[in-house]
Amino acid sequence: MRLVDPRHLAQLMSPEEHEPTGVAGTLLPRNASAGAGEEGAPGQHRSFPWALAVLAGVLITTIVVDVIGNLLVIVSVFRNRKLRKAGNAFVVSLALADLVVALYPYPLVLTAIFHDGWIAGYIHCQISGFLMGLSVIGSIFNITGIAINRYCYICHSLKYDRLFSSSNTLCYVALVWALTVLAIVPNWFVESLQYDPRVYSCTFAQSVSSLYTITVVVVHFILPISIVTYCYLRIWILVIQVRRRVKPDSRPKIKPHDLRNFLTMFVVFVLFAVCWAPLNLIGLAVALEPRLSQDIPEWLFTASYFMAYFNSCLNAVVYGVLNHNFRKEYKRIVLIVFKFRC
């Protein structure tokens, strides 16, 4: 008896049994084409030329601003004595997390956009997905560290120097990255790092396991966001109380530049939450109700991903706009670079 060739098995299935699925294991809308194979053969996922141009433009802008901006942040902290504070250790760590994706995963995504499919191979796909996960989890954990640091500095100023000594701060930063690596490693065991042709990226496949997706969203997004919200809410309450008190001598010492630094970090947090919330909410909704994967428009899913990608270039801009010391140091570095080149 002659066995059926597995390559022809899909053609023998009934339309009801043969559901279109994405390469990343996620169900695609019925009118969307699926990628070919695990690495996404070029030419299998067709998009409108203008849409590809927009995605490529957003990603190129993100890469350029990300690299230049975060390098400026790192160099500024090491050059300027006023910026070499314990709290800014988390700022440098956050800049490194943002810089990682601009140097490796984003260029590969850009290549996939230009070739309309993944051409870099399986190993690069896994490394790219791992580094993307490392970057986003490292970012939210560092933002959490910044919030806790600001909370201790403003609300518990008497204990701050002991809690955030130089050695302790370095330990906290190391702990942030240890937890980040620990959080991303399970993705290899559940094989959730896969290529998704809708976003031209090797990334976390939300459909691998509903329970795992819910756990990821809660631990990597909702829990850190809740901690940061609590810290900043307590700071805002204290600031409001200080400003409403009648007796000036009873006010805690909140210097204007400390308040500006807090506002800068608060804006960084808000931008991160806004940029990453749509993608996480979509993932949580699909995990709780898998049938919603058929109802979510592909353009919305793609937009949520590239909105999240765009966040990696915003922090350096926020520092330059809202923080006088960073802005001043940016100008000095740029002038030095131009003088050196001339």
# chains A, B, ... in the order shown; residues from 1 in each chain; ligands from 1

$ select_by_dssp --residues "stretch 119-328 of chain A" --states "strand (DSSP E or B)" --output "list in words"
Leu193, Gln194, Tyr195, Asp196, Ser201, Cys202, Thr203 and Phe204 of chain A

$ closest_atom_pairs --of "stretch 84-189 of chain A" --to "stretch 274-286 of chain A" --cutoff "12 Å" --atoms "only C-alpha atoms" --output "JSON lines"
{"residue": "A:Val136", "atom": "CA", "partner": "A:Trp276", "partner_atom": "CA", "distance": 9.2}
{"residue": "A:Ile137", "atom": "CA", "partner": "A:Trp276", "partner_atom": "CA", "distance": 11.2}
{"residue": "A:Ser139", "atom": "CA", "partner": "A:Trp276", "partner_atom": "CA", "distance": 11.1}
{"residue": "A:Ile140", "atom": "CA", "partner": "A:Trp276", "partner_atom": "CA", "distance": 10.0}

$ write_last_selection --atoms "N, CA, C and O atoms" --output "PDB file, in the first residue's frame"
ATOM      1  N   VAL A 136      12.805  43.992  26.218  1.00  0.00           N
ATOM      2  CA  VAL A 136      11.538  44.502  26.754  1.00  0.00           C
ATOM      3  C   VAL A 136      11.384  44.176  28.233  1.00  0.00           C
ATOM      4  O   VAL A 136      10.950  45.022  29.027  1.00  0.00           O
ATOM      5  N   ILE A 137      11.778  42.956  28.635  1.00  0.00           N
ATOM      6  CA  ILE A 137      11.673  42.602  30.053  1.00  0.00           C
ATOM      7  C   ILE A 137      12.688  43.398  30.865  1.00  0.00           C
ATOM      8  O   ILE A 137      12.384  43.895  31.954  1.00  0.00           O
ATOM      9  N   SER A 139      13.740  46.316  30.113  1.00  0.00           N
ATOM     10  CA  SER A 139      13.251  47.699  30.160  1.00  0.00           C
ATOM     11  C   SER A 139      12.245  47.894  31.282  1.00  0.00           C
ATOM     12  O   SER A 139      12.370  48.822  32.088  1.00  0.00           O
ATOM     13  N   ILE A 140      11.240  47.024  31.345  1.00  0.00           N
ATOM     14  CA  ILE A 140      10.206  47.207  32.368  1.00  0.00           C
ATOM     15  C   ILE A 140      10.753  46.957  33.767  1.00  0.00           C
ATOM     16  O   ILE A 140      10.370  47.626  34.726  1.00  0.00           O
TER      17      ILE A 140
END

$ closest_atom_pairs --of "stretch 83-186 of chain A" --to "stretch 192-215 of chain A" --cutoff "10 Å" --atoms "only C-alpha atoms" --output "CSV"
residue,atom,partner,partner_atom,distance
A:Pro105,CA,A:Ser201,CA,8.2
A:Tyr106,CA,A:Ser201,CA,8.5
A:Leu108,CA,A:Ser201,CA,8.0
A:Val109,CA,A:Ser201,CA,5.4
A:Leu110,CA,A:Tyr200,CA,7.9
A:Thr111,CA,A:Tyr200,CA,8.8
A:Ala112,CA,A:Tyr200,CA,5.7
A:Ile113,CA,A:Tyr200,CA,6.1
A:Phe114,CA,A:Tyr200,CA,9.7
A:His115,CA,A:Tyr200,CA,9.7
A:Asp116,CA,A:Tyr200,CA,7.7
A:Gly117,CA,A:Tyr200,CA,6.6
A:Trp118,CA,A:Tyr200,CA,7.0
A:Tyr122,CA,A:Gln194,CA,9.0
A:His124,CA,A:Cys202,CA,8.8
A:Cys125,CA,A:Cys202,CA,5.4
A:Gln126,CA,A:Leu193,CA,6.2
A:Ile127,CA,A:Cys202,CA,8.7
A:Ser128,CA,A:Cys202,CA,6.4
A:Gly129,CA,A:Thr203,CA,4.7
A:Phe130,CA,A:Leu193,CA,7.4
A:Leu131,CA,A:Thr203,CA,9.5
A:Met132,CA,A:Thr203,CA,7.3
A:Gly133,CA,A:Thr203,CA,7.7
A:Pro186,CA,A:Ser192,CA,8.8

$ write_last_selection --atoms "N, CA and C atoms" --output "CSV table (one decimal), in the first residue's frame"
chain,number,residue,atom,x,y,z
A,105,PRO,N,18.3,42.8,16.5
A,105,PRO,CA,17.0,42.3,16.1
A,105,PRO,C,16.3,43.2,15.1
A,106,TYR,N,16.3,44.5,15.3
A,106,TYR,CA,15.6,45.5,14.4
A,106,TYR,C,16.2,45.5,13.0
A,108,LEU,N,17.5,42.9,11.5
A,108,LEU,CA,17.0,41.7,10.9
A,108,LEU,C,15.5,41.8,10.5
A,109,VAL,N,14.7,42.5,11.3
A,109,VAL,CA,13.3,42.7,11.0
A,109,VAL,C,13.2,43.6,9.7
A,110,LEU,N,14.1,44.6,9.6
A,110,LEU,CA,14.1,45.5,8.5
A,110,LEU,C,14.4,44.7,7.2
A,111,THR,N,15.4,43.8,7.3
A,111,THR,CA,15.7,42.9,6.2
A,111,THR,C,14.5,42.0,5.8
A,112,ALA,N,13.8,41.5,6.8
A,112,ALA,CA,12.6,40.7,6.5
A,112,ALA,C,11.5,41.5,5.8
A,113,ILE,N,11.4,42.8,6.1
A,113,ILE,CA,10.4,43.7,5.5
A,113,ILE,C,10.8,43.9,4.0
A,114,PHE,N,12.1,44.1,3.8
A,114,PHE,CA,12.6,44.4,2.4
A,114,PHE,C,12.5,43.1,1.5
A,115,HIS,N,12.6,41.9,2.1
A,115,HIS,CA,12.5,40.7,1.4
A,115,HIS,C,11.2,40.0,1.5
A,116,ASP,N,10.3,40.6,2.2
A,116,ASP,CA,8.9,40.1,2.4
A,116,ASP,C,9.0,38.7,3.0
A,117,GLY,N,9.9,38.5,3.9
A,117,GLY,CA,10.0,37.2,4.6
A,117,GLY,C,11.3,37.0,5.3
A,118,TRP,N,11.4,36.1,6.2
A,118,TRP,CA,12.6,35.9,7.0
A,118,TRP,C,13.7,35.1,6.2
A,122,TYR,N,17.3,30.0,11.0
A,122,TYR,CA,16.7,29.6,12.3
A,122,TYR,C,17.5,30.1,13.5
A,124,HIS,N,19.5,32.7,13.8
A,124,HIS,CA,19.4,34.2,14.0
A,124,HIS,C,17.9,34.5,14.4
A,125,CYS,N,17.0,33.7,14.0
A,125,CYS,CA,15.6,33.9,14.5
A,125,CYS,C,15.5,33.7,16.0
A,126,GLN,N,16.1,32.7,16.5
A,126,GLN,CA,16.1,32.4,17.9
A,126,GLN,C,16.8,33.5,18.7
A,127,ILE,N,18.0,33.9,18.2
A,127,ILE,CA,18.8,34.9,18.9
A,127,ILE,C,18.1,36.2,18.9
A,128,SER,N,17.5,36.6,17.8
A,128,SER,CA,16.7,37.8,17.6
A,128,SER,C,15.5,37.8,18.6
A,129,GLY,N,14.8,36.7,18.7
A,129,GLY,CA,13.6,36.7,19.6
A,129,GLY,C,14.1,36.8,21.0
A,130,PHE,N,15.2,36.1,21.3
A,130,PHE,CA,15.7,36.1,22.7
A,130,PHE,C,16.1,37.5,23.1
A,131,LEU,N,16.8,38.2,22.2
A,131,LEU,CA,17.3,39.6,22.5
A,131,LEU,C,16.1,40.6,22.6
A,132,MET,N,15.1,40.4,21.8
A,132,MET,CA,13.9,41.2,21.9
A,132,MET,C,13.2,41.0,23.3
A,133,GLY,N,13.1,39.8,23.7
A,133,GLY,CA,12.5,39.5,25.0
A,133,GLY,C,13.4,40.1,26.1
A,186,PRO,N,12.5,30.5,30.0
A,186,PRO,CA,11.4,29.5,29.7
A,186,PRO,C,10.8,29.5,28.3

$ residues_around --residues "A:Thr264" --least-positions-apart "5" --cutoff "10 Å" --atoms "only C-alpha atoms" --output "ChimeraX atom specification"
/A:258-259,269,315,318-323

$ write_last_selection --atoms "C-alpha atoms" --output "PDB file, in the first residue's frame"
ATOM      1  CA  ASP A 258      14.445  66.474  42.284  1.00  0.00           C
ATOM      2  CA  LEU A 259      10.860  67.126  41.238  1.00  0.00           C
ATOM      3  CA  PHE A 269       7.046  55.188  32.467  1.00  0.00           C
ATOM      4  CA  ASN A 315      13.625  57.627  26.459  1.00  0.00           C
ATOM      5  CA  VAL A 318      12.571  62.538  26.915  1.00  0.00           C
ATOM      6  CA  TYR A 319      15.788  63.033  28.916  1.00  0.00           C
ATOM      7  CA  GLY A 320      17.004  65.666  26.470  1.00  0.00           C
ATOM      8  CA  VAL A 321      13.708  67.556  26.500  1.00  0.00           C
ATOM      9  CA  LEU A 322      12.910  67.466  30.224  1.00  0.00           C
ATOM     10  CA  ASN A 323      16.286  67.185  31.980  1.00  0.00           C
TER      11      ASN A 323
END

$ residues_around --residues "stretch 141-143 of chain A" --least-positions-apart "4" --cutoff "7 Å" --atoms "only C-alpha atoms" --output "VMD selection string"
chain A and resid 90 93 to 94 137 147 176 224 269

$ closest_residue --among "A:Ser76, A:Asn70, A:Thr180, A:Gln241" --to "A:Ala95" --atoms "only C-alpha atoms"
A:Asn70

$ atom_distance --atom1 "atom CA of A:Asp98" --atom2 "atom CA of A:Cys171"
20.5 Å

$ closest_residue --among "A:Ile254, A:Val218, A:Val65, A:Ile123" --to "A:Ile154" --atoms "only C-alpha atoms"
A:Ile254

$ closest_residue --among "A:Gly138, A:Val267, A:Ser293, A:Val337" --to "A:Val317" --atoms "only C-alpha atoms"
A:Val267

$ residues_around --residues "A:Ser165" --least-positions-apart "6" --cutoff "12 Å" --atoms "only C-alpha atoms" --output "PDB file with N, CA, C and O atoms, in the first residue's frame"
ATOM      1  N   LYS A  85      24.775  59.643  39.558  1.00  0.00           N
ATOM      2  CA  LYS A  85      24.068  59.365  40.798  1.00  0.00           C
ATOM      3  C   LYS A  85      23.608  57.912  40.807  1.00  0.00           C
ATOM      4  O   LYS A  85      23.549  57.256  39.756  1.00  0.00           O
ATOM      5  N   ALA A  86      23.253  57.411  41.979  1.00  0.00           N
ATOM      6  CA  ALA A  86      22.841  56.015  42.109  1.00  0.00           C
ATOM      7  C   ALA A  86      21.631  55.700  41.236  1.00  0.00           C
ATOM      8  O   ALA A  86      21.586  54.674  40.559  1.00  0.00           O
ATOM      9  N   GLY A  87      20.670  56.619  41.218  1.00  0.00           N
ATOM     10  CA  GLY A  87      19.457  56.374  40.435  1.00  0.00           C
ATOM     11  C   GLY A  87      19.715  56.248  38.950  1.00  0.00           C
ATOM     12  O   GLY A  87      19.016  55.514  38.239  1.00  0.00           O
ATOM     13  N   ALA A  89      22.106  54.788  37.538  1.00  0.00           N
ATOM     14  CA  ALA A  89      22.615  53.460  37.169  1.00  0.00           C
ATOM     15  C   ALA A  89      21.521  52.677  36.456  1.00  0.00           C
ATOM     16  O   ALA A  89      21.787  51.940  35.494  1.00  0.00           O
ATOM     17  N   ASN A 149      13.537  53.482  43.236  1.00  0.00           N
ATOM     18  CA  ASN A 149      14.608  54.411  43.621  1.00  0.00           C
ATOM     19  C   ASN A 149      14.058  55.808  43.894  1.00  0.00           C
ATOM     20  O   ASN A 149      14.386  56.436  44.902  1.00  0.00           O
ATOM     21  N   TYR A 153      13.923  57.815  47.438  1.00  0.00           N
ATOM     22  CA  TYR A 153      14.633  59.095  47.503  1.00  0.00           C
ATOM     23  C   TYR A 153      13.729  60.220  48.008  1.00  0.00           C
ATOM     24  O   TYR A 153      14.152  61.065  48.801  1.00  0.00           O
ATOM     25  N   LYS A 159      16.472  57.167  54.745  1.00  0.00           N
ATOM     26  CA  LYS A 159      17.009  55.819  54.570  1.00  0.00           C
ATOM     27  C   LYS A 159      17.678  55.631  53.204  1.00  0.00           C
ATOM     28  O   LYS A 159      18.260  54.583  52.938  1.00  0.00           O
ATOM     29  N   CYS A 171      24.371  46.063  42.881  1.00  0.00           N
ATOM     30  CA  CYS A 171      23.738  44.761  43.161  1.00  0.00           C
ATOM     31  C   CYS A 171      22.304  44.740  42.662  1.00  0.00           C
ATOM     32  O   CYS A 171      21.836  43.728  42.117  1.00  0.00           O
ATOM     33  N   TYR A 172      21.588  45.856  42.840  1.00  0.00           N
ATOM     34  CA  TYR A 172      20.202  45.940  42.364  1.00  0.00           C
ATOM     35  C   TYR A 172      20.141  45.828  40.838  1.00  0.00           C
ATOM     36  O   TYR A 172      19.264  45.137  40.291  1.00  0.00           O
TER      37      TYR A 172
END
